[in-house]
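Student: One structure coming up, written as structure tokens, with questions to follow.
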Protein chains: 6
Amino acid sequence: MTDTWLTTLITRTPQEGFELAITLSRRGVKYTQPDVSVLKSLRSEYANSADSLTAASQVIAINFQTIAAANGYWRK
Amino acid sequence: MTDTWLTTLITRTPQEGFELAITLSRRGVKYTQPDVSVLKSLRSEYANSADSLTAASQVIAINFQTIAAANGYWRK
Amino acid sequence: MTDTWLTTLITRTPQEGFELAITLSRRGVKYTQPDVSVLKSLRSEYANSADSLTAASQVIAINFQTIAAANGYWRK
Amino acid sequence: MTDTWLTTLITRTPQEGFELAITLSRRGVKYTQPDVSVLKSLRSEYANSADSLTAASQVIAINFQTIAAANGYWRK
Amino acid sequence: MTDTWLTTLITRTPQEGFELAITLSRRGVKYTQPDVSVLKSLRSEYANSADSLTAASQVIAINFQTIAAANGYWRK
Amino acid sequence: MTDTWLTTLITRTPQEGFELAITLSRRGVKYTQPDVSVLKSLRSEYANSADSLTAASQVIAINFQTIAAANGYWRK
């Protein structure tokens with residue numbers, strides 16, 4: 001992957017930080033499986049499984065920890 | 001998702017922080033599967049499985065780490 | 001859940017902190033499945049499975065990280 | 001459980017800290033399933049499964065993070 | 001493994017940090033299974049499973065936490 | 001286990017730190033299953049499973065967080 005997609009961890013709001021966490025989580029998948037058509041075919045598998053959705057939410061939570069710390073938790 | 005749902009990580013009490021952690025955990029699921037009717041149909045799957053409930057509790061615990069740090073652990 | 005169950009993360013001893021971590025872990029489950037009769041019926045499922053018990057111990061460990069940090073690790 | 005088993009997170013060496021992390025991990029299991037005879041019967045299940053052993057090692061790793069931080073990583 | 005592959009955790013940008021997190025995650029696998037032909041044969045297994053890809057993304061997220069902290073979150 | 005195997009978390013380089021993280025991860029397994037012949041017999045099980053290898057890499061990542069923090073991320 002040669003495109004530039006991550007230049008900063010700083011966001012204006014916690015919500016934007018959360019959405020960046022989602023981007024990181026998806027990129028982690030995409031680096032492992034770059035074929036977008038495969039990723040799309042897998043979507044019905046995990047988007048309809050409670051356990052897969054919980055697992056996805058967990059990866060987001062871990063990435064959000066990083067981003068929240070980077071932003072000093074948007075304290076002010 | 002264009003609605004604003006997360007403007008601050010600061011809460012008055014640890015319990016409110018824990019409840020915000022639950023909100024984050026659910027939002028992590030909802031960003032991946034936005035269809036509310038699918039989410040409802042999955043509910044009986046995870047709400048009646050001990051392992052699914054433990055996994056849900058784990059995501060909450062991870063998000064609570066972030067929120068507790070943001071609030072200086074409500075030390076005073 | 002409208003009852004107040006978490007007013008502070010501060011405990012006198014690490015052991016009380018560990019026990020509070022257990023409370024948080026169980027509350028994480030209970031917010032997701034509030035029906036106590038369902039929770040009781042699931043007990044035999046996870047309490048007799050090595051992997052389920054390890055998973056439960058992991059959630060406790062994550063919550064204990066938070067509580068230990070809040071208490072400055074009970075260093076003095 | 002009314003016995004006192006955890007009065008400090010401070011240990012003399014990292015190895016003792018690692019062993020305390022094992023104690024915490026086992027206690028997390030034991031609070032959930034206090035019946036020692038059940039725990040013993042489950043032993044053959046997880047002690048002979050690669051994935052169960054990896055999961056056990058993960059809980060130890062999480063608890064070791066807490067204990068290592070408490071001890072300032074035994075830096076001096 | 002006697003080759004030198006990790007001399008610093010410092011990267012110029014968060015994206016390079018994320019890519020280093022991927023390297024660490026793959027090295028963690030390779031230390032456990034050094035046989036590259038086995039690793040290649042396993043690729044179709046995990047690259048076509050939603051849950052395996054989520055798990056891979058999670059390991060990357062954990063390693064990215066470490067690298068981001070090492071780099072002071074690339075704040076300036 | 002009465003042998004001394006962990007006297008410090010400090011390493012000269014990040015790579016040595018990563019390798020120490022592998023040692024901790026394996027020790028976590030070995031404390032739970034000390035029988036080396038059993039561990040060897042389990043090797044083919046996890047070394048040929050993509051998900052088991054990812055899980056192993058995750059434990060290493062968690063232990064590496066601890067060791068990297070202990071070493072101030074080898075920043076200078």
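Lettering and numbering for the structure tokens are positional, with chains as A, B, ... in the shown order, residues counted from 1 in each chain, and ligands counted from 1 in the shown order.
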Name all residues at most 9 Å from range 63-66 of chain C (count only C-alpha atoms; drop same-chain ones fewer than 2 positions away) and give them as a ChimeraX atom specification.
Tutor: /B:58,61-62,64-66,68-69,73 /C:9,17-22,24-25,58-61,68-71 /D:62-63,65-67
Student: Just to be explicit: take each residue in the selection above, keep N, CA, C and O atoms, and write the result as a compact mmCIF listing (two decimals), in the first residue's frame.
Tutor:
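Listed below is the output, out.txt:
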# COMPACT_ATOMS: atom_id res chain seq x y z
N GLN B 58 -15.82 -7.54 28.03
CA GLN B 58 -14.41 -7.23 27.78
C GLN B 58 -14.26 -5.94 26.97
O GLN B 58 -13.40 -5.11 27.26
N ALA B 61 -14.83 -3.14 29.24
CA ALA B 61 -13.67 -2.95 30.12
C ALA B 61 -12.57 -2.16 29.43
O ALA B 61 -11.92 -1.30 30.03
N ILE B 62 -12.35 -2.45 28.15
CA ILE B 62 -11.31 -1.74 27.40
C ILE B 62 -11.70 -0.28 27.21
O ILE B 62 -10.90 0.63 27.43
N PHE B 64 -13.69 1.36 29.12
CA PHE B 64 -13.69 1.99 30.44
C PHE B 64 -12.27 2.41 30.84
O PHE B 64 -12.08 3.44 31.50
N GLN B 65 -11.27 1.66 30.43
CA GLN B 65 -9.88 2.07 30.68
C GLN B 65 -9.63 3.46 30.11
O GLN B 65 -9.04 4.33 30.76
N THR B 66 -10.07 3.67 28.89
CA THR B 66 -9.86 4.96 28.22
C THR B 66 -10.58 6.08 28.95
O THR B 66 -10.01 7.14 29.23
N ALA B 68 -11.76 6.13 32.04
CA ALA B 68 -11.25 6.34 33.40
C ALA B 68 -9.96 7.17 33.37
O ALA B 68 -9.78 8.08 34.18
N ALA B 69 -9.08 6.89 32.42
CA ALA B 69 -7.86 7.69 32.29
C ALA B 69 -8.20 9.13 31.95
O ALA B 69 -7.61 10.07 32.50
N TYR B 73 -9.37 9.16 36.70
CA TYR B 73 -9.90 8.13 37.60
C TYR B 73 -10.85 8.71 38.65
O TYR B 73 -11.06 8.11 39.69
N LEU C 9 -13.43 4.47 42.40
CA LEU C 9 -12.55 3.36 42.04
C LEU C 9 -11.49 3.12 43.13
O LEU C 9 -10.67 2.22 43.01
N GLY C 17 -9.47 -4.03 45.54
CA GLY C 17 -9.46 -3.54 44.15
C GLY C 17 -9.74 -4.67 43.18
O GLY C 17 -10.47 -4.50 42.20
N PHE C 18 -9.16 -5.82 43.46
CA PHE C 18 -9.41 -6.99 42.60
C PHE C 18 -10.88 -7.39 42.65
O PHE C 18 -11.49 -7.71 41.62
N GLU C 19 -11.44 -7.33 43.84
CA GLU C 19 -12.86 -7.69 43.98
C GLU C 19 -13.76 -6.66 43.29
O GLU C 19 -14.80 -7.01 42.74
N LEU C 20 -13.34 -5.39 43.32
CA LEU C 20 -14.10 -4.38 42.57
C LEU C 20 -14.00 -4.65 41.06
O LEU C 20 -14.97 -4.45 40.32
N ALA C 21 -12.84 -5.14 40.63
CA ALA C 21 -12.68 -5.50 39.21
C ALA C 21 -13.66 -6.60 38.82
O ALA C 21 -14.20 -6.62 37.70
N ILE C 22 -13.89 -7.52 39.73
CA ILE C 22 -14.87 -8.59 39.47
C ILE C 22 -16.27 -7.99 39.36
O ILE C 22 -17.05 -8.34 38.46
N LEU C 24 -17.04 -4.96 38.38
CA LEU C 24 -17.15 -4.28 37.08
C LEU C 24 -17.39 -5.29 35.96
O LEU C 24 -18.19 -5.06 35.06
N SER C 25 -16.67 -6.40 36.02
CA SER C 25 -16.79 -7.42 34.97
C SER C 25 -18.21 -7.98 34.92
O SER C 25 -18.77 -8.18 33.83
N GLN C 58 -9.79 -12.95 32.24
CA GLN C 58 -9.18 -11.91 31.41
C GLN C 58 -9.91 -10.57 31.56
O GLN C 58 -9.28 -9.51 31.66
N VAL C 59 -11.22 -10.60 31.59
CA VAL C 59 -11.98 -9.36 31.77
C VAL C 59 -11.66 -8.76 33.13
O VAL C 59 -11.47 -7.54 33.26
N ILE C 60 -11.57 -9.60 34.14
CA ILE C 60 -11.20 -9.13 35.48
C ILE C 60 -9.81 -8.48 35.43
O ILE C 60 -9.60 -7.41 36.01
N ALA C 61 -8.88 -9.09 34.73
CA ALA C 61 -7.52 -8.55 34.63
C ALA C 61 -7.50 -7.17 33.99
O ALA C 61 -6.76 -6.28 34.42
N ALA C 68 -6.19 -0.55 39.54
CA ALA C 68 -4.84 -0.45 40.11
C ALA C 68 -4.22 0.90 39.77
O ALA C 68 -3.60 1.56 40.62
N ALA C 69 -4.38 1.34 38.53
CA ALA C 69 -3.86 2.66 38.15
C ALA C 69 -4.55 3.75 38.95
O ALA C 69 -3.90 4.70 39.43
N ALA C 70 -5.86 3.64 39.12
CA ALA C 70 -6.61 4.64 39.88
C ALA C 70 -6.08 4.78 41.31
O ALA C 70 -6.07 5.86 41.88
N ASN C 71 -5.64 3.68 41.86
CA ASN C 71 -5.17 3.65 43.24
C ASN C 71 -3.65 3.85 43.36
O ASN C 71 -3.09 3.60 44.42
N ILE D 62 -1.47 -9.85 30.79
CA ILE D 62 -2.24 -8.65 31.16
C ILE D 62 -2.01 -8.32 32.63
O ILE D 62 -1.77 -7.16 32.99
N ASN D 63 -2.08 -9.31 33.49
CA ASN D 63 -1.83 -9.05 34.90
C ASN D 63 -0.38 -8.63 35.15
O ASN D 63 -0.10 -7.81 36.04
N GLN D 65 1.39 -6.81 33.20
CA GLN D 65 1.48 -5.37 32.87
C GLN D 65 1.19 -4.53 34.10
O GLN D 65 1.89 -3.55 34.39
N THR D 66 0.14 -4.90 34.82
CA THR D 66 -0.25 -4.15 36.02
C THR D 66 0.84 -4.21 37.08
O THR D 66 1.22 -3.18 37.66
N ILE D 67 1.35 -5.40 37.31
CA ILE D 67 2.33 -5.59 38.38
C ILE D 67 3.66 -4.93 38.01
O ILE D 67 4.32 -4.33 38.86
Student: Excluding same-chain residues fewer than 4 positions from range 42-54 of chain E, what lies within 6 Å of it counting only C-alpha atoms, as a PyMOL selection string?
Tutor: (chain A and resi 29+33+42) or (chain F and resi 50)
Student: From the list A:Ala56, A:Arg75, A:Asp35, A:Thr23, which residue is nearest Ile10 in chain B when using only C-alpha atoms?
Tutor: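 Under the stated criterion, the closest residue is A:Arg75.
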Student: Please indicate the distance in Å from CA of Ala55 in chain E to CA of Lys30 in chain A, rounded to one decimal place.
Tutor: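 Answer for the CA of Ala55 in chain E to CA of Lys30 in chain A separation: 12.4 Å.
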Student: Mind checking DSSP for chain B and telling me the helix (DSSP H, G or I) residues as a PyMOL selection string?
Tutor: chain B and resi 14-32+36-47+50-70+72-74
Student: In Å to one decimal, how far is CA of Arg27 in chain A from CA of Ser41 in chain E?
Tutor: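 A separation of 23.2 Å between them.
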